[in-house]
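In what follows, a single structure is set out as structure tokens and then discussed.
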Amino acid sequence: MKRREPLGADLTPIIDVVFILLIFFIVTSVFKKEELALMLDLPSSNAKAMEVNEEQVFIELSQEKLAIKGIEVSFISLEDNLKEVKNKTKPIVVRIDKNVKYERVVKVLDLLQKYNLTNLALITNENAK
């Protein structure tokens, strides 16, 4: 009769716990993501800081690209998204690169006015003192 030798500690439960913790941290980190898609060089300002909340619509404008709610879109797609905004008093947060041509800014502002979205906040960098 052969005798079996003990194999040592079973690592399966430890591996299960590690994977569960890994999944937990991955899932919770996704919810902290801001809806920002473009890397912008914002102009400086002395304006007061404003509180940003989940209900706001984020629009970003760079020299070549446009994004809404963290997704790159065209001006036509932006217009379709603005049509869908039911609450006309919902804050519209606009981040515009400081090197964007004025014509592109006016296009975005015209679309906002067309759909009567007037609760507008322009985001800038804090002015260094």
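If you're wondering about the labels, chains in the structure tokens are A, B, ... by order shown, residues count from 1 in each chain, ligands from 1 in order shown.
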
Who sits within 10 Å of stretch 82-94 of chain A, only C-alpha atoms, same chain under 4 positions skipped, as a PyMOL selection string: chain A and resi 52-53+55-61+67-69+76-78+105+108-109+111-112+114-124

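With distances restricted to only C-alpha atoms, A:Met39 is the closest residue to A:Lys98 from A:Val27, A:Leu21, A:Leu7, A:Met39.
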
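With distances taken over only C-alpha atoms, A:Val100 is the one residue among A:Pro6, A:Val100, A:Ile14, A:Ser29 lying closest to A:Gln63.
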
Could you pull out the strand (DSSP E) residues of stretch 59-111 of chain A, going by DSSP on the backbone, and write them as a PyMOL selection string? chain A and resi 59-61+66-68+71-72+92-96
